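Asker: Here you go, run_6.cif (mmCIF, C-alpha atoms):
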```
data_upload
loop_
_atom_site.group_PDB
_atom_site.id
_atom_site.type_symbol
_atom_site.label_atom_id
_atom_site.label_comp_id
_atom_site.auth_asym_id
_atom_site.auth_seq_id
_atom_site.Cartn_x
_atom_site.Cartn_y
_atom_site.Cartn_z
ATOM 1 C CA MET Q 1 -121.561 233.126 -9.637
ATOM 2 C CA VAL Q 2 -120.131 236.614 -10.074
ATOM 3 C CA THR Q 3 -116.356 236.689 -9.677
ATOM 4 C CA PRO Q 4 -115.579 238.756 -6.571
ATOM 5 C CA ARG Q 5 -113.192 241.697 -6.538
ATOM 6 C CA HIS Q 6 -110.223 241.329 -4.205
ATOM 7 C CA PHE Q 7 -107.749 243.834 -2.741
ATOM 8 C CA LEU Q 8 -104.506 241.902 -2.370
ATOM 9 C CA GLN Q 9 -102.158 244.545 -3.783
ATOM 10 C CA MET Q 10 -102.541 248.246 -4.483
ATOM 11 C CA LYS Q 11 -102.584 247.569 -8.216
ATOM 12 C CA ASP Q 12 -105.717 245.405 -7.908
ATOM 13 C CA LEU Q 13 -107.729 248.618 -8.190
ATOM 14 C CA SER Q 14 -107.386 251.233 -10.907
ATOM 15 C CA ARG Q 15 -106.379 254.829 -10.279
ATOM 16 C CA GLU Q 16 -109.983 255.880 -10.892
ATOM 17 C CA GLU Q 17 -111.309 253.304 -8.426
ATOM 18 C CA LEU Q 18 -108.791 254.334 -5.778
ATOM 19 C CA ALA Q 19 -109.708 257.999 -6.289
ATOM 20 C CA TYR Q 20 -113.347 257.012 -5.793
ATOM 21 C CA LEU Q 21 -112.361 255.289 -2.523
ATOM 22 C CA PHE Q 22 -110.688 258.469 -1.296
ATOM 23 C CA ASP Q 23 -113.892 260.405 -2.018
ATOM 24 C CA ARG Q 24 -115.956 257.811 -0.171
ATOM 25 C CA THR Q 25 -113.482 257.812 2.727
ATOM 26 C CA ARG Q 26 -113.964 261.550 3.113
ATOM 27 C CA ILE Q 27 -117.760 261.184 3.146
ATOM 28 C CA ILE Q 28 -117.784 258.202 5.508
ATOM 29 C CA LYS Q 29 -115.362 259.911 7.894
ATOM 30 C CA ALA Q 30 -117.479 263.076 7.951
ATOM 31 C CA ARG Q 31 -120.556 261.015 8.846
ATOM 32 C CA PHE Q 32 -118.643 259.292 11.622
ATOM 33 C CA LYS Q 33 -117.512 262.637 13.041
ATOM 34 C CA ALA Q 34 -121.100 263.940 12.905
ATOM 35 C CA TYR Q 35 -122.423 260.830 14.705
ATOM 36 C CA GLN Q 36 -124.623 259.950 11.717
ATOM 37 C CA ARG Q 37 -125.594 256.303 11.557
ATOM 38 C CA TYR Q 38 -124.700 254.714 8.235
ATOM 39 C CA TRP Q 39 -125.407 250.981 7.876
ATOM 40 C CA PRO Q 40 -124.995 249.982 4.215
ATOM 41 C CA LEU Q 41 -123.567 246.575 5.242
ATOM 42 C CA GLN Q 42 -126.336 245.619 7.637
ATOM 43 C CA ASP Q 43 -126.501 241.819 8.089
ATOM 44 C CA ARG Q 44 -123.149 241.356 6.303
ATOM 45 C CA THR Q 45 -120.378 239.391 8.010
ATOM 46 C CA LEU Q 46 -116.643 240.022 7.880
ATOM 47 C CA VAL Q 47 -114.295 237.184 8.823
ATOM 48 C CA MET Q 48 -110.868 238.344 9.994
ATOM 49 C CA ILE Q 49 -108.119 235.712 9.829
ATOM 50 C CA PHE Q 50 -104.928 236.503 11.738
ATOM 51 C CA GLU Q 51 -101.663 234.636 11.527
ATOM 52 C CA LYS Q 52 -99.681 237.760 12.487
ATOM 53 C CA ALA Q 53 -100.455 239.737 15.640
ATOM 54 C CA SER Q 54 -102.206 243.080 15.295
ATOM 55 C CA THR Q 55 -103.650 246.077 17.108
ATOM 56 C CA ARG Q 56 -104.651 248.604 14.442
ATOM 57 C CA THR Q 57 -105.668 246.098 11.776
ATOM 58 C CA ARG Q 58 -108.030 244.163 14.008
ATOM 59 C CA LEU Q 59 -109.496 247.243 15.672
ATOM 60 C CA SER Q 60 -109.995 249.193 12.446
ATOM 61 C CA PHE Q 61 -111.642 246.313 10.577
ATOM 62 C CA GLU Q 62 -113.764 245.102 13.478
ATOM 63 C CA ALA Q 63 -114.934 248.551 14.535
ATOM 64 C CA GLY Q 64 -115.363 249.569 10.910
ATOM 65 C CA MET Q 65 -117.624 246.640 10.057
ATOM 66 C CA HIS Q 66 -119.780 247.308 13.132
ATOM 67 C CA GLN Q 67 -120.020 250.992 12.196
ATOM 68 C CA LEU Q 68 -121.273 249.978 8.743
ATOM 69 C CA GLY Q 69 -124.003 247.882 10.351
ATOM 70 C CA GLY Q 70 -122.398 244.472 9.911
ATOM 71 C CA SER Q 71 -120.635 242.029 12.190
ATOM 72 C CA ALA Q 72 -117.053 240.819 12.404
ATOM 73 C CA ILE Q 73 -115.690 237.424 13.439
ATOM 74 C CA TYR Q 74 -112.091 237.038 14.619
ATOM 75 C CA LEU Q 75 -110.196 233.857 13.748
ATOM 76 C CA ASN Q 76 -106.624 233.190 14.789
ATOM 77 C CA THR Q 77 -104.875 230.456 12.846
ATOM 78 C CA ARG Q 78 -103.637 228.983 16.149
ATOM 79 C CA ASP Q 79 -107.246 228.402 17.199
ATOM 80 C CA SER Q 80 -108.595 227.098 13.897
ATOM 81 C CA GLN Q 81 -108.023 224.198 11.555
ATOM 82 C CA LEU Q 82 -105.769 226.430 9.438
ATOM 83 C CA GLY Q 83 -103.258 226.127 12.255
ATOM 84 C CA ARG Q 84 -103.569 222.349 12.164
ATOM 85 C CA GLY Q 85 -102.696 221.899 8.530
ATOM 86 C CA GLU Q 86 -106.021 222.356 6.754
ATOM 87 C CA PRO Q 87 -105.291 223.377 3.154
ATOM 88 C CA VAL Q 88 -105.772 227.092 2.520
ATOM 89 C CA GLU Q 89 -107.947 226.241 -0.478
ATOM 90 C CA ASP Q 90 -110.331 224.139 1.636
ATOM 91 C CA ALA Q 91 -110.584 226.842 4.275
ATOM 92 C CA ALA Q 92 -111.402 229.409 1.594
ATOM 93 C CA GLU Q 93 -114.175 227.258 0.164
ATOM 94 C CA VAL Q 94 -115.846 226.886 3.576
ATOM 95 C CA ILE Q 95 -115.254 230.326 5.089
ATOM 96 C CA SER Q 96 -116.423 232.135 1.956
ATOM 97 C CA ARG Q 97 -119.721 230.191 2.028
ATOM 98 C CA MET Q 98 -120.420 231.393 5.573
ATOM 99 C CA SER Q 99 -119.454 235.058 5.274
ATOM 100 C CA ASP Q 100 -119.637 238.038 2.944
ATOM 101 C CA ILE Q 101 -116.061 239.324 2.981
ATOM 102 C CA VAL Q 102 -112.720 238.116 4.375
ATOM 103 C CA MET Q 103 -109.643 239.976 5.631
ATOM 104 C CA ILE Q 104 -106.399 238.048 6.089
ATOM 105 C CA ARG Q 105 -103.212 239.112 7.878
ATOM 106 C CA THR Q 106 -100.534 236.529 7.231
ATOM 107 C CA TYR Q 107 -96.944 235.912 6.161
ATOM 108 C CA GLU Q 108 -96.448 234.948 2.510
ATOM 109 C CA GLN Q 109 -98.417 236.727 -0.208
ATOM 110 C CA GLU Q 110 -98.867 233.324 -1.822
ATOM 111 C CA ILE Q 111 -101.160 232.264 1.034
ATOM 112 C CA ILE Q 112 -103.613 235.094 0.474
ATOM 113 C CA GLU Q 113 -103.454 234.631 -3.305
ATOM 114 C CA ARG Q 114 -104.350 230.940 -2.898
ATOM 115 C CA PHE Q 115 -107.185 231.780 -0.527
ATOM 116 C CA ALA Q 116 -108.609 234.403 -2.892
ATOM 117 C CA GLY Q 117 -108.395 231.959 -5.791
ATOM 118 C CA HIS Q 118 -110.894 229.689 -4.005
ATOM 119 C CA SER Q 119 -113.062 232.331 -2.329
ATOM 120 C CA ARG Q 120 -116.621 233.139 -3.360
ATOM 121 C CA VAL Q 121 -116.415 236.530 -1.618
ATOM 122 C CA PRO Q 122 -113.999 239.499 -1.671
ATOM 123 C CA VAL Q 123 -110.666 239.021 0.112
ATOM 124 C CA ILE Q 124 -108.655 241.905 1.576
ATOM 125 C CA ASN Q 125 -104.944 241.846 2.344
ATOM 126 C CA GLY Q 126 -104.599 243.046 5.945
ATOM 127 C CA LEU Q 127 -100.809 242.593 5.662
ATOM 128 C CA THR Q 128 -98.361 240.098 4.193
ATOM 129 C CA ASN Q 129 -94.571 240.013 4.122
ATOM 130 C CA GLU Q 130 -94.696 241.509 0.642
ATOM 131 C CA TYR Q 131 -97.493 244.124 0.716
ATOM 132 C CA HIS Q 132 -99.626 246.247 3.036
ATOM 133 C CA PRO Q 133 -102.140 247.945 0.710
ATOM 134 C CA CYS Q 134 -104.651 249.035 3.367
ATOM 135 C CA GLN Q 135 -101.933 251.029 5.107
ATOM 136 C CA ILE Q 136 -100.987 252.940 1.974
ATOM 137 C CA LEU Q 137 -104.658 253.521 1.173
ATOM 138 C CA ALA Q 138 -104.935 255.301 4.523
ATOM 139 C CA ASP Q 139 -101.576 257.056 4.134
ATOM 140 C CA ILE Q 140 -102.401 258.583 0.772
ATOM 141 C CA PHE Q 141 -105.812 259.687 2.001
ATOM 142 C CA THR Q 142 -104.102 261.319 4.986
ATOM 143 C CA PHE Q 143 -101.703 263.161 2.696
ATOM 144 C CA ILE Q 144 -104.626 264.372 0.557
ATOM 145 C CA GLU Q 145 -106.392 265.636 3.703
ATOM 146 C CA HIS Q 146 -103.352 267.644 4.793
ATOM 147 C CA ARG Q 147 -101.619 268.658 1.561
ATOM 148 C CA GLY Q 148 -103.877 267.925 -1.421
ATOM 149 C CA ALA Q 149 -103.182 265.689 -4.423
ATOM 150 C CA ILE Q 150 -100.157 263.407 -4.218
ATOM 151 C CA GLN Q 151 -99.497 263.425 -7.959
ATOM 152 C CA GLY Q 152 -96.093 264.924 -8.722
ATOM 153 C CA ARG Q 153 -94.987 264.859 -5.079
ATOM 154 C CA THR Q 154 -91.999 263.120 -3.503
ATOM 155 C CA VAL Q 155 -92.201 260.534 -0.725
ATOM 156 C CA ALA Q 156 -89.018 259.668 1.181
ATOM 157 C CA TRP Q 157 -88.902 256.164 2.598
ATOM 158 C CA ILE Q 158 -86.175 255.801 5.241
ATOM 159 C CA GLY Q 159 -85.241 252.391 6.654
ATOM 160 C CA ASP Q 160 -86.069 248.802 5.758
ATOM 161 C CA SER Q 161 -87.411 248.022 2.278
ATOM 162 C CA ASN Q 162 -90.338 246.058 3.685
ATOM 163 C CA ASN Q 163 -93.962 245.422 2.731
ATOM 164 C CA VAL Q 164 -94.984 249.043 3.323
ATOM 165 C CA CYS Q 165 -92.138 250.301 1.144
ATOM 166 C CA ASN Q 166 -93.095 247.829 -1.607
ATOM 167 C CA THR Q 167 -96.655 249.133 -1.562
ATOM 168 C CA TRP Q 168 -95.505 252.753 -1.758
ATOM 169 C CA LEU Q 169 -93.636 251.795 -4.940
ATOM 170 C CA GLN Q 170 -96.813 250.367 -6.466
ATOM 171 C CA ALA Q 171 -98.799 253.434 -5.458
ATOM 172 C CA ALA Q 172 -96.219 255.772 -7.009
ATOM 173 C CA GLU Q 173 -96.804 254.245 -10.414
ATOM 174 C CA ILE Q 174 -100.569 254.410 -10.062
ATOM 175 C CA PHE Q 175 -100.707 258.026 -8.867
ATOM 176 C CA ASP Q 176 -97.607 259.381 -10.623
ATOM 177 C CA PHE Q 177 -95.393 260.488 -7.751
ATOM 178 C CA LYS Q 178 -91.801 259.665 -6.773
ATOM 179 C CA VAL Q 179 -90.485 257.519 -3.957
ATOM 180 C CA HIS Q 180 -86.968 258.102 -2.662
ATOM 181 C CA VAL Q 181 -85.769 255.004 -0.804
ATOM 182 C CA SER Q 182 -82.770 254.912 1.492
ATOM 183 C CA THR Q 183 -81.810 251.722 3.299
ATOM 184 C CA PRO Q 184 -78.605 250.461 4.911
ATOM 185 C CA PRO Q 185 -76.399 248.326 2.653
ATOM 186 C CA GLY Q 186 -77.870 244.862 2.314
ATOM 187 C CA TYR Q 187 -81.445 245.998 2.915
ATOM 188 C CA GLU Q 188 -82.133 247.604 -0.462
ATOM 189 C CA VAL Q 189 -85.290 247.068 -2.471
ATOM 190 C CA GLU Q 190 -85.022 243.613 -4.041
ATOM 191 C CA ALA Q 191 -83.542 243.805 -7.537
ATOM 192 C CA GLU Q 192 -86.494 242.074 -9.200
ATOM 193 C CA ARG Q 193 -88.959 244.335 -7.391
ATOM 194 C CA ALA Q 194 -86.948 247.457 -8.224
ATOM 195 C CA GLY Q 195 -86.950 246.403 -11.855
ATOM 196 C CA LEU Q 196 -90.743 246.450 -11.862
ATOM 197 C CA HIS Q 197 -90.820 250.141 -11.115
ATOM 198 C CA GLY Q 198 -88.267 251.626 -13.507
ATOM 199 C CA THR Q 199 -86.634 254.974 -12.755
ATOM 200 C CA GLY Q 200 -89.506 257.403 -13.283
ATOM 201 C CA HIS Q 201 -91.159 256.833 -9.910
ATOM 202 C CA PHE Q 202 -88.430 255.264 -7.791
ATOM 203 C CA GLU Q 203 -84.867 256.174 -6.832
ATOM 204 C CA GLN Q 204 -82.525 254.603 -4.292
ATOM 205 C CA PHE Q 205 -80.159 256.693 -2.150
ATOM 206 C CA ALA Q 206 -77.208 255.509 -0.081
ATOM 207 C CA ASP Q 207 -77.494 258.568 2.197
ATOM 208 C CA PRO Q 208 -80.878 259.006 3.923
ATOM 209 C CA MET Q 209 -80.389 262.770 4.034
ATOM 210 C CA ASP Q 210 -80.246 262.820 0.240
ATOM 211 C CA ALA Q 211 -83.463 260.784 0.075
ATOM 212 C CA ALA Q 212 -85.250 263.208 2.391
ATOM 213 C CA ARG Q 213 -84.022 266.332 0.615
ATOM 214 C CA GLY Q 214 -86.982 268.172 -0.918
ATOM 215 C CA ALA Q 215 -89.523 265.500 0.045
ATOM 216 C CA ASP Q 216 -93.181 266.320 0.652
ATOM 217 C CA LEU Q 217 -93.627 263.311 2.913
ATOM 218 C CA VAL Q 218 -91.057 261.483 5.050
ATOM 219 C CA THR Q 219 -92.063 258.060 6.312
ATOM 220 C CA THR Q 220 -90.516 255.044 7.980
ATOM 221 C CA ASP Q 221 -91.285 251.834 9.847
ATOM 222 C CA VAL Q 222 -89.728 249.740 12.601
ATOM 223 C CA TRP Q 223 -86.272 248.391 11.864
ATOM 224 C CA THR Q 224 -87.286 244.839 12.735
ATOM 225 C CA SER Q 225 -90.564 243.710 11.193
ATOM 226 C CA MET Q 226 -92.551 240.714 12.428
ATOM 227 C CA GLY Q 227 -90.850 237.506 11.427
ATOM 228 C CA PHE Q 228 -87.345 239.005 11.603
ATOM 229 C CA GLU Q 229 -86.959 239.151 15.387
ATOM 230 C CA ALA Q 230 -83.885 236.886 15.301
ATOM 231 C CA GLU Q 231 -82.072 239.652 13.398
ATOM 232 C CA ASN Q 232 -82.945 242.377 15.899
ATOM 233 C CA GLU Q 233 -79.477 243.019 17.370
ATOM 234 C CA GLU Q 234 -77.834 243.060 13.946
ATOM 235 C CA ARG Q 235 -80.496 245.413 12.606
ATOM 236 C CA MET Q 236 -80.067 247.797 15.536
ATOM 237 C CA ARG Q 237 -76.430 248.220 14.483
ATOM 238 C CA ASP Q 238 -77.058 248.351 10.741
ATOM 239 C CA PHE Q 239 -79.874 250.930 10.909
ATOM 240 C CA ALA Q 240 -78.301 253.272 13.490
ATOM 241 C CA ASP Q 241 -77.788 256.077 10.931
ATOM 242 C CA TRP Q 242 -81.292 255.724 9.449
ATOM 243 C CA GLN Q 243 -83.265 257.418 12.193
ATOM 244 C CA VAL Q 244 -85.709 260.094 11.051
ATOM 245 C CA ASP Q 245 -84.730 263.022 13.254
ATOM 246 C CA ALA Q 246 -85.231 266.789 13.221
ATOM 247 C CA GLU Q 247 -82.202 267.324 10.972
ATOM 248 C CA MET Q 248 -83.618 264.953 8.385
ATOM 249 C CA MET Q 249 -87.016 266.654 8.492
ATOM 250 C CA ARG Q 250 -85.284 270.002 7.916
ATOM 251 C CA ALA Q 251 -83.823 268.549 4.716
ATOM 252 C CA ALA Q 252 -87.341 267.889 3.476
ATOM 253 C CA LYS Q 253 -89.670 270.668 2.331
ATOM 254 C CA PRO Q 254 -90.702 273.123 5.052
ATOM 255 C CA ASP Q 255 -94.295 271.872 4.911
ATOM 256 C CA ALA Q 256 -93.376 268.169 4.696
ATOM 257 C CA VAL Q 257 -95.370 265.777 6.849
ATOM 258 C CA PHE Q 258 -94.109 262.750 8.760
ATOM 259 C CA MET Q 259 -95.878 259.371 8.764
ATOM 260 C CA HIS Q 260 -95.335 256.052 10.497
ATOM 261 C CA CYS Q 261 -97.636 253.020 10.249
ATOM 262 C CA LEU Q 262 -97.051 252.204 13.954
ATOM 263 C CA PRO Q 263 -96.146 250.780 16.382
ATOM 264 C CA ALA Q 264 -93.186 253.158 16.675
ATOM 265 C CA HIS Q 265 -89.983 252.895 18.682
ATOM 266 C CA ARG Q 266 -88.926 256.385 19.690
ATOM 267 C CA GLY Q 267 -85.171 256.691 19.702
ATOM 268 C CA GLU Q 268 -84.774 254.001 17.047
ATOM 269 C CA GLU Q 269 -86.341 254.557 13.606
ATOM 270 C CA VAL Q 270 -87.762 257.944 14.623
ATOM 271 C CA ALA Q 271 -86.827 260.607 17.145
ATOM 272 C CA ALA Q 272 -89.482 261.535 19.688
ATOM 273 C CA GLU Q 273 -89.281 265.187 18.608
ATOM 274 C CA VAL Q 274 -90.373 264.162 15.104
ATOM 275 C CA ILE Q 275 -93.200 261.718 15.794
ATOM 276 C CA ASP Q 276 -94.556 263.972 18.544
ATOM 277 C CA GLY Q 277 -93.787 267.181 16.659
ATOM 278 C CA ALA Q 278 -95.813 269.586 14.549
ATOM 279 C CA GLN Q 279 -95.071 267.878 11.221
ATOM 280 C CA SER Q 280 -96.285 264.474 12.395
ATOM 281 C CA VAL Q 281 -99.694 263.289 11.159
ATOM 282 C CA VAL Q 282 -99.397 259.763 12.543
ATOM 283 C CA TRP Q 283 -102.562 259.897 14.663
ATOM 284 C CA ASP Q 284 -104.701 261.055 11.735
ATOM 285 C CA GLU Q 285 -102.966 258.380 9.668
ATOM 286 C CA ALA Q 286 -103.844 255.690 12.220
ATOM 287 C CA GLU Q 287 -107.484 256.810 12.457
ATOM 288 C CA ASN Q 288 -107.806 256.888 8.689
ATOM 289 C CA ARG Q 289 -107.184 253.134 8.529
ATOM 290 C CA LEU Q 290 -110.704 252.861 9.974
ATOM 291 C CA HIS Q 291 -112.383 255.110 7.438
ATOM 292 C CA ALA Q 292 -110.431 254.018 4.348
ATOM 293 C CA GLN Q 293 -111.158 250.373 5.086
ATOM 294 C CA LYS Q 294 -114.855 251.118 5.553
ATOM 295 C CA ALA Q 295 -114.875 252.686 2.095
ATOM 296 C CA LEU Q 296 -112.996 249.670 0.741
ATOM 297 C CA MET Q 297 -115.420 247.121 2.209
ATOM 298 C CA GLU Q 298 -118.387 249.133 0.971
ATOM 299 C CA PHE Q 299 -116.925 249.201 -2.545
ATOM 300 C CA LEU Q 300 -115.995 245.517 -2.680
ATOM 301 C CA LEU Q 301 -119.458 244.462 -1.488
ATOM 302 C CA LEU Q 302 -121.745 247.083 -3.052
ATOM 303 C CA GLY Q 303 -119.750 248.638 -5.887
ATOM 304 C CA ARG Q 304 -120.100 252.377 -6.386
ATOM 305 C CA VAL Q 305 -122.775 254.047 -4.315
ATOM 306 C CA ASN Q 306 -124.354 257.451 -4.849
ATOM 307 C CA ASP Q 307 -125.645 259.074 -1.683
#
```
Go ahead and express the file in the form of structure tokens.
Answerer:
Amino acid sequence: MVTPRHFLQMKDLSREELAYLFDRTRIIKARFKAYQRYWPLQDRTLVMIFEKASTRTRLSFEAGMHQLGGSAIYLNTRDSQLGRGEPVEDAAEVISRMSDIVMIRTYEQEIIERFAGHSRVPVINGLTNEYHPCQILADIFTFIEHRGAIQGRTVAWIGDSNNVCNTWLQAAEIFDFKVHVSTPPGYEVEAERAGLHGTGHFEQFADPMDAARGADLVTTDVWTSMGFEAENEERMRDFADWQVDAEMMRAAKPDAVFMHCLPAHRGEEVAAEVIDGAQSVVWDEAENRLHAQKALMEFLLLGRVND
């Protein structure tokens, strides 16, 4: 049996492979916009396993698989044996014998790593507490669409050092750009994770305005991620000065773009005038989850295609 390729972290694919995915994303998106049928995954089945709730992840994967000619099956851990204590390894053995590719959205990265270790088919990380590689795949493609190559650019991350932030740090090393991170005290990038990225591609700032200064891209996320709801009131106080507002965007480059992985809370992590303003590309960013993930599934199942 051929060992399948997985996409559990950004670094699971090489810079060359990721660049290929961006090229394929552009082609697949153009076909979609031109209403051209493209069914390279006809008769293939995607199983989507959700332990964490989702709107964009489910919609983009399910619609994407249908648009590629395949079918998608939704499984929630509450409604399956995984929610009743079945070992992850056993579930992987069975599910991977009945499908062609699996996407998992769960809590600990360890869960998806264990599943992939016993899967006969490719496994995609739809989100874990530690990483969100599909989001950054779409984000970088969106930046390329609007501003060209991301190499040598500066990304300002404002807010919580969460799974999206962690994935930006991985991507910075792969594509050779810088990430400026500013978080409230106590929410900094974990020391061991920061140590993985050195100083060439990553810098922490106590003042979010300093992080945004001269940035090509300013991005953020909700202050309270899933799984941290009990901390919501405390986080509202701690993050009050970390809102991306018009003043912060003025500190960035004049042509800087704003991104947010959504859902967004206007008046909290981002001002309405920013997310709804001229520099915001959040709706293109959200749509590009669909196209980038189609390119990813095509690659993991078929390898490189020439058409």
Asker: Around (-80.9, 253.4, 8.9) in the file's frame, which residues reach within 8 Å when counting all atoms listed in the file? Return as a ChimeraX atom specification?
Answerer: /Q:158-160,182-184,208,223,238-243,269
Asker: Compare Q:Val270, Q:Val257, Q:Val179, Q:Ala116 by their minimum atom-to-atom distance to Glu145 in chain Q, counting only C-alpha atoms, and give me the closest one.
Answerer: Q:Val257
Asker: Do a neighbour search on Asp221 in chain Q at 12 Å with all atoms listed in the file, toss out local chain neighbours closer than 3 positions, and write the hits as a ChimeraX atom specification.
Answerer: /Q:135,156-165,183,218,224-226,239,242-244,258-266,268-270,275,282
Asker: Dump C-alpha atoms for the selected residues as a compact mmCIF listing (two decimals), keeping the file's coordinate frame?
Answerer:
```txt
# COMPACT_ATOMS: atom_id res chain seq x y z
CA GLN Q 135 -101.93 251.03 5.11
CA ALA Q 156 -89.02 259.67 1.18
CA TRP Q 157 -88.90 256.16 2.60
CA ILE Q 158 -86.18 255.80 5.24
CA GLY Q 159 -85.24 252.39 6.65
CA ASP Q 160 -86.07 248.80 5.76
CA SER Q 161 -87.41 248.02 2.28
CA ASN Q 162 -90.34 246.06 3.68
CA ASN Q 163 -93.96 245.42 2.73
CA VAL Q 164 -94.98 249.04 3.32
CA CYS Q 165 -92.14 250.30 1.14
CA THR Q 183 -81.81 251.72 3.30
CA VAL Q 218 -91.06 261.48 5.05
CA THR Q 224 -87.29 244.84 12.74
CA SER Q 225 -90.56 243.71 11.19
CA MET Q 226 -92.55 240.71 12.43
CA PHE Q 239 -79.87 250.93 10.91
CA TRP Q 242 -81.29 255.72 9.45
CA GLN Q 243 -83.26 257.42 12.19
CA VAL Q 244 -85.71 260.09 11.05
CA PHE Q 258 -94.11 262.75 8.76
CA MET Q 259 -95.88 259.37 8.76
CA HIS Q 260 -95.34 256.05 10.50
CA CYS Q 261 -97.64 253.02 10.25
CA LEU Q 262 -97.05 252.20 13.95
CA PRO Q 263 -96.15 250.78 16.38
CA ALA Q 264 -93.19 253.16 16.68
CA HIS Q 265 -89.98 252.90 18.68
CA ARG Q 266 -88.93 256.38 19.69
CA GLU Q 268 -84.77 254.00 17.05
CA GLU Q 269 -86.34 254.56 13.61
CA VAL Q 270 -87.76 257.94 14.62
CA ILE Q 275 -93.20 261.72 15.79
CA VAL Q 282 -99.40 259.76 12.54
```
Asker: Kindly give the distance, in Å, that separates CA of Ala278 in chain Q and CA of Met209 in chain Q, rounded to a single decimal.
Answerer: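 A separation of 19.9 Å between them.
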Asker: Please identify all polymer residues within 9 Å of range 60-64 of chain Q, counting all atoms listed in the file, omitting same-chain residues fewer than 2 positions from it, and present them as number ranges by chain.
Answerer: Q: 46, 48, 55-58, 66-74, 103, 286-291, 293-294
Asker: Using all atoms listed in the file, can you tell me which of Q:Leu301, Q:Met1, Q:Val88, Q:Ala138 comes closest to Phe115 in chain Q?
Answerer: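 Using all atoms listed in the file, Phe115 in chain Q sits closest to Q:Val88.
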Asker: Extract, using only C-alpha atoms, all DNA, RNA and protein residues at most 9 Å from Arg153 in chain Q, discarding same-chain residues fewer than 4 positions from it, and format them as a list in words.
Answerer: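 The neighbour list is Ala149, Asp176, Phe177, Lys178, Val179, Ala215, Asp216 and Leu217 of chain Q.
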Asker: What do you get, as a ChimeraX atom specification, if you spell out every residue that the PyMOL selection byres ((chain Q and resi 118) around 7) selects here?
Answerer: /Q:89,92-93,114-117,119-120
Asker: Those residues with C-alpha atoms, as a PDB file, in the frame of the given file please?
Answerer:
```
ATOM      1  CA  GLU Q  89    -107.947 226.241  -0.478  1.00  0.00           C
ATOM      2  CA  ALA Q  92    -111.402 229.409   1.594  1.00  0.00           C
ATOM      3  CA  GLU Q  93    -114.175 227.258   0.164  1.00  0.00           C
ATOM      4  CA  ARG Q 114    -104.350 230.940  -2.898  1.00  0.00           C
ATOM      5  CA  PHE Q 115    -107.185 231.780  -0.527  1.00  0.00           C
ATOM      6  CA  ALA Q 116    -108.609 234.403  -2.892  1.00  0.00           C
ATOM      7  CA  GLY Q 117    -108.395 231.959  -5.791  1.00  0.00           C
ATOM      8  CA  SER Q 119    -113.062 232.331  -2.329  1.00  0.00           C
ATOM      9  CA  ARG Q 120    -116.621 233.139  -3.360  1.00  0.00           C
TER      10      ARG Q 120
END
```
Asker: So which one's closest to Asn129 in chain Q, Q:Gln9, Q:Gln279, Q:Thr219, Q:Asn76? Using only C-alpha atoms, please.
Answerer: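 Smallest separation from Asn129 in chain Q among the options: Q:Gln9.
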Asker: CA of Thr25 in chain Q and CA of Leu296 in chain Q, how far apart in Å?
Answerer: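 Pair CA of Leu296 in chain Q / CA of Thr25 in chain Q returns 8.4 Å.
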Asker: Could you check which of Q:Leu8, Q:Tyr187, Q:Ser96, Q:Thr128 is closest to Glu108 in chain Q, using all atoms listed in the file?
Answerer: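 The answer is Q:Thr128, which sits nearest to Glu108 in chain Q.
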Asker: CA of Ala292 in chain Q and CA of Leu137 in chain Q, how far apart in Å?
Answerer: 6.6 Å
Asker: Taking 4 positions as the minimum chain separation for residues in the same chain, which residues sit within 8 Å of range 14-20 of chain Q when counting all atoms listed in the file? Answer as a PyMOL selection string.
Answerer: chain Q and resi 24+174-175
Asker: Check the smallest atom-to-atom distance from each of Q:Arg237, Q:Met248, Q:Glu203, Q:Met10 to Glu130 in chain Q using only C-alpha atoms, then report the winner.
Answerer: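 Selected residue with least distance to Glu130 in chain Q: Q:Met10.
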Asker: Using all atoms listed in the file, can you tell me which of Q:Leu127, Q:Ala230, Q:Phe50, Q:Asp245 comes closest to Asp276 in chain Q?
Answerer: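 Distance minimum relative to Asp276 in chain Q lands on Q:Asp245.
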